[in-house]
Structure formats: C-alpha cells, structure tokens
>>> print(open('protein32.txt').read())   # compact mmCIF, C-alpha atoms
# COMPACT_ATOMS: atom_id res chain seq x y z
CA MET A 1 1.74 20.72 -32.46
CA ARG A 2 0.72 17.39 -33.92
CA ARG A 3 -2.14 15.58 -32.33
CA LEU A 4 -1.22 12.50 -30.29
CA GLY A 5 -3.04 9.51 -31.72
CA ARG A 6 -5.36 7.62 -29.43
CA LEU A 7 -4.28 4.21 -28.29
CA ALA A 8 -5.95 1.34 -30.10
CA ARG A 9 -5.47 -0.93 -27.09
CA TYR A 10 -4.65 -0.16 -23.47
CA ASP A 11 -4.49 -3.24 -21.28
CA LEU A 12 -2.12 -1.59 -18.82
CA LEU A 13 0.21 1.17 -19.94
CA VAL A 14 1.36 0.45 -23.46
CA LEU A 15 2.82 3.72 -24.58
CA GLY A 16 3.95 5.58 -27.68
CA ASP A 17 5.92 3.26 -29.94
CA PHE A 18 4.02 0.17 -28.75
CA ALA A 19 0.71 1.64 -29.91
CA GLY A 20 1.84 3.49 -33.01
CA ALA A 21 0.93 6.87 -31.50
CA SER A 22 2.25 10.13 -32.90
CA MET A 23 4.60 11.62 -30.30
CA GLU A 24 5.86 15.14 -29.67
CA PRO A 25 8.50 16.15 -27.07
CA VAL A 26 7.69 19.38 -25.22
CA GLY A 27 9.34 21.51 -22.56
CA ARG A 28 8.16 21.47 -18.94
CA THR A 29 6.74 24.99 -19.15
CA ASP A 30 4.56 24.05 -22.14
CA LEU A 31 2.72 21.16 -20.53
CA LEU A 32 -0.23 22.98 -18.98
CA GLU A 33 -0.93 24.67 -22.32
CA LEU A 34 -0.63 21.32 -24.06
CA LEU A 35 -3.32 19.89 -21.80
CA ASP A 36 -5.74 22.66 -22.77
CA ASP A 37 -7.90 21.78 -25.81
CA ARG A 38 -8.14 25.45 -26.68
CA ALA A 39 -4.40 25.57 -27.35
CA GLY A 40 -5.13 23.52 -30.46
CA ALA A 41 -2.94 20.55 -29.53
CA ARG A 42 -5.73 18.22 -28.37
CA ALA A 43 -3.28 15.74 -26.84
CA THR A 44 -4.83 12.46 -25.76
CA LEU A 45 -1.91 11.01 -23.79
CA ILE A 46 0.86 12.70 -21.83
CA THR A 47 3.59 10.77 -20.05
CA SER A 48 6.93 11.94 -18.73
CA GLN A 49 9.42 11.65 -15.92
CA MET A 50 8.02 14.81 -14.36
CA ALA A 51 8.87 15.31 -10.72
CA VAL A 52 5.96 15.59 -8.32
CA ASP A 53 6.68 19.30 -7.80
CA GLN A 54 5.65 19.88 -11.43
CA TRP A 55 2.30 18.25 -10.69
CA HIS A 56 1.94 20.50 -7.64
CA ALA A 57 2.72 23.52 -9.82
CA TRP A 58 -0.03 22.46 -12.23
CA LEU A 59 -2.59 21.94 -9.50
CA ASP A 60 -1.68 25.22 -7.78
CA ASP A 61 -1.88 27.24 -11.01
CA PRO A 62 -4.81 29.67 -10.66
CA THR A 63 -5.90 28.94 -14.23
CA VAL A 64 -5.91 25.15 -13.93
CA ALA A 65 -9.66 24.86 -13.27
CA THR A 66 -10.58 27.16 -16.16
CA ARG A 67 -9.01 25.04 -18.89
CA ASN A 68 -10.55 22.38 -21.09
CA TYR A 69 -9.18 18.84 -20.86
CA HIS A 70 -11.88 16.97 -22.77
CA SER A 71 -9.49 15.36 -25.26
CA MET A 72 -7.22 13.94 -22.57
CA ARG A 73 -7.45 10.16 -22.11
CA HIS A 74 -4.26 9.21 -20.25
CA LEU A 75 -2.22 11.52 -17.99
CA ILE A 76 0.59 9.51 -16.46
CA TYR A 77 2.90 10.37 -13.55
CA SER A 78 5.98 8.22 -13.11
CA ALA A 79 8.93 10.05 -11.59
CA ALA A 80 7.97 9.57 -7.93
CA PRO A 81 4.98 8.63 -5.77
CA MET A 82 2.33 11.32 -5.38
CA ARG A 83 0.48 12.02 -2.15
CA PRO A 84 -3.02 10.47 -2.12
CA GLU A 85 -4.73 13.82 -1.54
CA ARG A 86 -2.90 15.26 -4.55
CA ILE A 87 -3.97 12.29 -6.69
CA ARG A 88 -7.58 12.95 -5.71
CA GLU A 89 -7.14 16.65 -6.52
CA ALA A 90 -5.67 15.80 -9.94
CA GLN A 91 -8.61 13.48 -10.62
CA ARG A 92 -11.05 16.28 -9.81
CA VAL A 93 -9.23 18.76 -12.06
CA PHE A 94 -8.32 16.60 -15.06
CA GLY A 95 -10.98 13.90 -14.82
CA PRO A 96 -10.66 10.10 -14.48
CA VAL A 97 -7.49 9.96 -16.59
CA ILE A 98 -4.71 9.90 -13.95
CA GLU A 99 -2.47 6.84 -14.20
CA THR A 100 0.96 5.81 -12.95
CA ALA A 101 3.97 3.76 -13.99
CA TYR A 102 7.23 2.70 -12.37
CA GLY A 103 10.54 1.95 -14.03
CA GLN A 104 14.21 2.85 -14.18
CA VAL A 105 16.88 3.33 -16.83
CA GLU A 106 17.79 -0.37 -16.72
CA ALA A 107 14.15 -1.35 -17.34
CA PRO A 108 12.49 1.77 -18.75
CA GLN A 109 9.16 3.21 -17.68
CA ILE A 110 6.82 0.27 -17.30
CA ILE A 111 8.01 -2.32 -14.79
CA THR A 112 4.66 -1.75 -13.10
CA ALA A 113 1.67 0.33 -14.12
CA MET A 114 -1.82 1.27 -12.99
CA ARG A 115 -4.86 2.37 -14.97
CA ALA A 116 -7.14 5.24 -14.05
CA GLN A 117 -9.96 2.92 -12.97
CA GLU A 118 -7.63 1.24 -10.47
CA LEU A 119 -6.57 4.57 -8.96
CA GLU A 120 -10.19 5.28 -8.09
CA HIS A 121 -9.89 2.71 -5.27
CA GLU A 122 -8.55 4.03 -1.96
CA GLU A 123 -6.31 1.02 -1.27
CA ASN A 124 -4.41 1.63 -4.53
CA LEU A 125 -3.48 5.26 -3.98
CA THR A 126 -0.12 4.40 -2.41
CA SER A 127 0.69 1.61 -4.89
CA ILE A 128 2.87 1.78 -8.01
CA GLY A 129 0.61 -0.72 -9.75
CA ARG A 130 0.94 -4.28 -11.04
CA GLN A 131 3.53 -5.79 -13.35
CA SER A 132 3.19 -4.67 -16.96
CA PRO A 133 2.85 -7.05 -19.94
CA VAL A 134 6.58 -6.73 -20.66
CA ALA A 135 7.91 -7.44 -17.16
CA GLU A 136 7.83 -10.14 -14.51
CA VAL A 137 8.11 -8.62 -11.04
CA ALA A 138 8.95 -10.31 -7.73
CA ILE A 139 10.13 -9.42 -4.23
CA MET A 140 13.46 -10.95 -3.21
CA ALA A 141 15.17 -11.51 0.15
CA PRO A 142 18.87 -10.61 0.62
CA THR A 143 19.61 -14.35 0.48
CA GLY A 144 18.17 -14.61 -3.02
CA GLU A 145 14.90 -16.41 -2.45
CA LEU A 146 11.63 -14.93 -3.63
CA LEU A 147 9.42 -13.72 -0.81
CA PRO A 148 5.68 -14.38 -0.38
CA ASN A 149 3.10 -11.65 -0.72
CA GLY A 150 3.00 -9.22 2.16
CA GLU A 151 6.73 -9.35 2.95
CA THR A 152 9.17 -6.54 2.20
CA GLY A 153 12.29 -7.10 0.15
CA GLU A 154 14.06 -5.87 -2.97
CA ILE A 155 11.97 -5.38 -6.11
CA VAL A 156 13.44 -7.51 -8.90
CA VAL A 157 12.34 -7.76 -12.54
CA ARG A 158 13.05 -9.90 -15.57
CA GLY A 159 11.80 -10.05 -19.15
CA PRO A 160 12.32 -8.31 -22.50
CA LEU A 161 12.15 -4.85 -20.89
CA VAL A 162 15.43 -5.41 -19.00
CA MET A 163 18.71 -4.13 -20.43
CA ASN A 164 21.41 -6.47 -21.71
CA GLY A 165 23.99 -4.79 -19.49
CA TYR A 166 26.03 -1.67 -18.79
CA LEU A 167 28.38 -0.55 -21.57
CA ASP A 168 31.91 -1.81 -20.91
CA ARG A 169 31.02 -2.66 -17.29
CA PRO A 170 30.64 -6.45 -17.06
CA ASP A 171 31.46 -6.28 -13.35
CA LEU A 172 28.57 -3.91 -12.60
CA THR A 173 26.26 -5.87 -14.90
CA ALA A 174 27.04 -9.07 -12.97
CA GLN A 175 26.17 -7.33 -9.70
CA THR A 176 22.91 -5.92 -11.04
CA ILE A 177 21.53 -8.85 -13.08
CA VAL A 178 21.75 -12.11 -11.15
CA ASP A 179 20.22 -15.35 -12.49
CA GLY A 180 18.22 -13.29 -14.97
CA TRP A 181 16.72 -10.97 -12.34
CA LEU A 182 17.48 -7.25 -12.48
CA HIS A 183 17.98 -5.93 -8.94
CA THR A 184 16.34 -2.50 -8.86
CA GLY A 185 17.80 -1.37 -5.53
CA ASP A 186 14.27 -0.49 -4.41
CA LEU A 187 12.57 -2.05 -1.42
CA GLY A 188 8.92 -2.94 -1.84
CA MET A 189 6.06 -5.24 -1.00
CA MET A 190 3.50 -7.02 -3.18
CA ASP A 191 -0.02 -7.72 -1.90
CA ASP A 192 -2.21 -10.72 -2.69
CA ARG A 193 -3.75 -8.86 -5.64
CA GLY A 194 -0.35 -8.32 -7.29
CA TYR A 195 -0.11 -4.61 -6.47
CA VAL A 196 3.38 -3.40 -5.58
CA TYR A 197 4.11 -0.80 -2.90
CA LEU A 198 7.41 1.06 -2.95
CA ARG A 199 9.04 1.45 0.47
CA ALA A 200 12.56 2.92 0.04
CA ARG A 201 15.88 2.65 -1.73
CA LEU A 202 17.98 -0.10 -0.14
CA ARG A 203 20.76 2.32 0.70
CA GLU A 204 18.28 4.77 2.29
CA LEU A 205 16.83 2.30 4.81
CA ILE A 206 17.36 3.69 8.32
CA ASN A 207 18.62 1.32 11.04
CA THR A 208 17.91 2.97 14.37
CA GLY A 209 18.54 1.04 17.57
CA GLY A 210 18.18 -2.24 15.67
CA PHE A 211 14.83 -1.25 14.13
CA LYS A 212 14.41 -0.76 10.39
CA VAL A 213 12.62 2.46 9.37
CA PHE A 214 11.48 3.15 5.81
CA PRO A 215 11.85 6.89 5.05
CA GLY A 216 8.77 6.82 2.82
CA ASP A 217 6.56 5.66 5.70
CA VAL A 218 7.56 8.67 7.79
CA GLU A 219 7.27 11.05 4.83
CA ALA A 220 3.75 9.82 4.13
CA VAL A 221 2.65 10.75 7.66
CA LEU A 222 4.42 14.12 7.69
CA ALA A 223 2.83 14.95 4.34
CA LYS A 224 -0.61 14.71 5.95
CA HIS A 225 0.13 17.68 8.19
CA PRO A 226 -1.45 20.81 6.70
CA ALA A 227 1.63 22.93 7.43
CA ILE A 228 3.92 20.75 5.31
CA ALA A 229 4.45 21.52 1.62
CA GLU A 230 7.05 18.77 1.14
CA CYS A 231 9.49 16.77 3.22
CA SER A 232 12.41 14.36 3.06
CA VAL A 233 13.34 11.80 5.73
CA PHE A 234 16.82 10.36 6.13
CA GLY A 235 19.12 8.68 8.64
CA ALA A 236 22.00 10.46 10.36
CA PRO A 237 24.76 9.05 12.60
CA ASP A 238 23.81 8.95 16.29
CA GLU A 239 25.94 7.88 19.25
CA LYS A 240 23.02 6.29 21.09
CA TRP A 241 20.96 4.74 18.27
CA GLY A 242 23.59 4.15 15.57
CA GLU A 243 21.35 6.10 13.22
CA ALA A 244 18.60 8.55 14.09
CA VAL A 245 15.59 9.53 12.00
CA HIS A 246 15.84 13.11 10.72
CA ALA A 247 13.30 15.03 8.64
CA ALA A 248 13.79 18.10 6.46
CA VAL A 249 10.54 19.96 5.87
CA ARG A 250 9.49 22.87 3.71
CA LEU A 251 6.45 24.62 5.11
CA ALA A 252 3.48 25.67 3.05
CA ASP A 253 3.24 29.40 2.38
CA GLY A 254 2.14 31.23 5.52
CA ALA A 255 2.19 28.08 7.67
CA ALA A 256 3.82 27.77 11.08
CA VAL A 257 4.46 24.69 13.21
CA SER A 258 7.07 23.67 15.76
CA ALA A 259 9.45 20.74 15.56
CA GLY A 260 7.88 19.28 18.68
CA GLU A 261 4.42 19.37 17.11
CA LEU A 262 5.63 17.54 14.02
CA ILE A 263 7.47 14.90 16.04
CA ALA A 264 4.36 14.31 18.14
CA PHE A 265 2.23 14.15 14.98
CA VAL A 266 4.35 11.31 13.57
CA LYS A 267 4.66 9.59 16.93
CA ALA A 268 0.87 9.43 17.29
CA GLU A 269 0.60 7.35 14.09
CA LEU A 270 3.89 5.46 13.84
CA GLY A 271 5.25 5.31 17.39
CA SER A 272 8.38 6.76 18.92
CA VAL A 273 10.88 4.55 17.06
CA LYS A 274 9.88 5.90 13.63
CA ALA A 275 9.25 9.46 14.74
CA PRO A 276 12.02 11.90 13.75
CA LYS A 277 14.48 12.82 16.47
CA THR A 278 15.33 16.05 14.64
CA ILE A 279 13.31 18.32 12.36
CA HIS A 280 15.15 20.64 9.96
CA PHE A 281 13.17 23.55 8.53
CA VAL A 282 14.43 24.45 5.04
CA ALA A 283 13.47 26.93 2.33
CA GLU A 284 14.04 24.41 -0.47
CA LEU A 285 14.84 20.71 -0.82
CA PRO A 286 17.67 19.82 -3.24
CA ARG A 287 16.72 17.82 -6.31
CA ASN A 288 18.55 15.55 -8.73
CA ALA A 289 18.71 15.97 -12.51
CA ALA A 290 15.29 14.30 -12.89
CA GLY A 291 13.73 16.84 -10.55
CA LYS A 292 13.20 14.42 -7.68
CA VAL A 293 14.05 15.39 -4.11
CA SER A 294 17.39 13.69 -3.37
CA ARG A 295 17.59 12.25 0.14
CA ALA A 296 21.37 11.92 -0.23
CA ALA A 297 21.68 15.61 -1.13
CA VAL A 298 19.35 16.62 1.71
CA ARG A 299 21.43 14.58 4.15
CA GLY A 300 24.67 16.07 2.80
CA MET A 301 23.27 19.58 3.14
CA LEU A 302 22.19 19.17 6.76
CA VAL A 303 24.54 16.63 8.32
CA THR A 304 28.24 17.32 8.61
>>> encode(input="protein32.txt", output="structure tokens")
Amino acid sequence: MRRLGRLARYDLLVLGDFAGASMEPVGRTDLLELLDDRAGARATLITSQMAVDQWHAWLDDPTVATRNYHSMRHLIYSAAPMRPERIREAQRVFGPVIETAYGQVEAPQIITAMRAQELEHEENLTSIGRQSPVAEVAIMAPTGELLPNGETGEIVVRGPLVMNGYLDRPDLTAQTIVDGWLHTGDLGMMDDRGYVYLRARLRELINTGGFKVFPGDVEAVLAKHPAIAECSVFGAPDEKWGEAVHAAVRLADGAAVSAGELIAFVKAELGSVKAPKTIHFVAELPRNAAGKVSRAAVRGMLVT
C-alpha cells in the first residue's frame, strides 16, 4: 500500500488531485486495517462515500481502541449525516481528525465542507459545513428567489464544480440547472455564519394536516433514544391527515421499547404534529447502492 501524501494546504477540504496526493482505492473491509499505522500503510487522509453504518461498524469493532492512528490527519465522512454522539465517539477514538463534506454526482464531493476544528463546536455537529472554495451555495424558494439566512428552502449551487449537463438529456439538464444554479433537490437552511444544515429531500417532505414535517428532524430525536440502533421516517397516505408520519426502527441488540413509548418520546420534544402516528419495528432497513438507508425503499416495504 502506498503512503498517502500529506496535504500541502488545507483551507477547507481540498482533496486528492487538488493537492497532488498519492491515492489508493481500497475495499470497505480493508479500511480499519488501513487506518492502523501498524499495518504499514500509514495513510494520512481517508475520504469516501461510506454509509454511516460503516462508521458504526468501525466504532463497534472490539479492536478499534487498540489500534494506532497517529499518522491520520483527515478522516472524512460524506455519504450521510452522522449522529452527534457518534461524531463525538469517533473523535475520541481517532483523534481530532474527523471532518465532513457534502456533494452529489452533479457537483461531486465538496459543495460544502467542515474541518475538524469546526466539528469540535457543539452547534456544528448537525451541520454539513460551509461552501467550499469551488462552489457558491445558496438557499432558494420555490419561486426562484434566494432566501435570507435562517429560512428553509432548496440548496442550490453554482461554480466550476457543477456539471455541464446530463449526457443526451437536454430536457433534464434544463430542469436541473436554471439560470446557472444547480438545483440539488435537497432542502436546507443556512445560518448567519454560513453553515448549512440539511433538512430533507424535497420529495421526502411530509405534508400532514397542512403542516410540513422534515423526516430528518424526527429521525434526529428518535436516534437519541438508547433503544434505537437506526431509524427512517417517511410519510404514508392517511384519510384524515392526507399524509401521516411513520417511522421504521431497528432496535439495538438486546433492547426493548414499545411503539407508544417512542411516540411519546418524540412528542415530548417535537410536539404531536411531528410525532409518528405509526412505528414499524424491522430487522433491517433497506439501503441503496451507496449504502445509505433509502426512505423510498423503506416506505415501499412497509406501505402497500
């Protein structure tokens, strides 16, 4: 395994080719060994589209605390948000090297990014960072105007990072890039410091009784419950409310909790409107090709 060269400059997350680093692709099962200095690799930067469950597998590995990570400088998660308590756990295990980035195929990897020093602050743990040097990020209303800080709308991006268009699909390109802005399909909010907070995919927003519910808000509360290993929140048709909030949960090993307890747990923090009307207990949550839990697949599995 060739050693990954250290970055000469690291203003935000300037990765691989941008910094002239030596790069080596590895399989998912090799990553924990790669992190260990004693394996001989001495990697200084690891970044990938690893799903959060891979991070959980690392942190739950009984050998994780016995390894040596002294060469590691940048350990970047980017496939999906990670629970704040897991971020803190990763910082304790691997050191002050945990960083994050947000992107998509149309604007790869680094629309926003956050350095390790920034993730030390509590208010940043649920953020996806600030715009990177190669992207201009804004929040846009459905009508097309840019929204002020603190308001929720679609995350849009422009700059050299953005694709030219979809191959042989000028119609889809015209829908996705409007007036130079790439529409990500993600709902988010930007605070006065420029930090962006991801709320939901546009198509996954739940409209229940005229109220808008972001699945991620409900998932964040459910994830605090000690009995929950992971969860997915989605909307399902409902005769009374139009859509009702449903939650699929996978319990931690050996844990037990009732649906009523979980509903009350969410209700105590978010109120009755956002609390799930139905809790589905599942052995596994379906994932997409990138390893992320797919709300659409969860909904299709549980709602007929």
>>> residues_around(input="protein32.txt", residues="A:Gly103", least_positions_apart="5", cutoff="8 Å", atoms="all atoms listed in the file", output="PyMOL selection string")
chain A and resi 78+108-112
>>> atom_distance(input="protein32.txt", atom1="atom CA of A:Ala283", atom2="atom CA of A:Ala248")
9.8 Å
>>> closest_residue(input="protein32.txt", among="A:Ile228, A:Phe214, A:Arg299, A:Thr278", to="A:Ala256", atoms="all atoms listed in the file")
A:Ile228
>>> residues_around(input="protein32.txt", residues="A:Thr184", least_positions_apart="3", cutoff="9 Å", atoms="all atoms listed in the file", output="list in words")
Gly103, Gln104, Glu106, Ala107, Glu154, Ile155, Val156, Val157, Thr176, Leu187 and Arg201 of chain A
>>> residues_around(input="protein32.txt", residues="A:Ile46", least_positions_apart="2", cutoff="7 Å", atoms="all atoms listed in the file", output="ChimeraX atom specification")
/A:44,48,74-76
>>> closest_residue(input="protein32.txt", among="A:Ile128, A:Ala135, A:Ala268, A:Ala90", to="A:Tyr102", atoms="all atoms listed in the file")
A:Ile128
>>> closest_residue(input="protein32.txt", among="A:Asp179, A:Asp168, A:Glu118, A:Glu85", to="A:Ile98", atoms="all atoms listed in the file")
A:Glu118
>>> closest_residue(input="protein32.txt", among="A:Phe265, A:Gly153, A:Ala236, A:Leu59", to="A:Val196", atoms="all atoms listed in the file")
A:Gly153
>>> residues_around(input="protein32.txt", residues="A:Gly300", least_positions_apart="4", cutoff="10 Å", atoms="only C-alpha atoms", output="ChimeraX atom specification")
/A:236,286,294-296,304
>>> axis_aligned_box(input="protein32.txt", around="stretch 99-103 of chain A", padding_each_side="6 Å", output="lines of an AutoDock Vina configuration file")
center_x = 4.0
center_y = 4.4
center_z = -13.3
size_x = 25.0
size_y = 16.9
size_z = 13.8
>>> atom_distance(input="protein32.txt", atom1="atom CA of A:Val105", atom2="atom CA of A:Arg287")
17.9 Å
>>> closest_residue(input="protein32.txt", among="A:Leu172, A:Leu182, A:Val233, A:Ala252", to="A:Gly159", atoms="all atoms listed in the file")
A:Leu182
>>> atom_distance(input="protein32.txt", atom1="atom CA of A:Lys292", atom2="atom CA of A:Gly209")
29.1 Å
>>> closest_residue(input="protein32.txt", among="A:Gln117, A:Gln175, A:Thr63, A:Gln54", to="A:Gln91", atoms="all atoms listed in the file")
A:Gln117
>>> residues_near_point(input="protein32.txt", point="(3.5, 12.0, -6.1)", cutoff="12 Å", atoms="all atoms listed in the file", output="ChimeraX atom specification")
/A:49-56,76-90,98-102,125-128,216,219-220,223,230,292-293
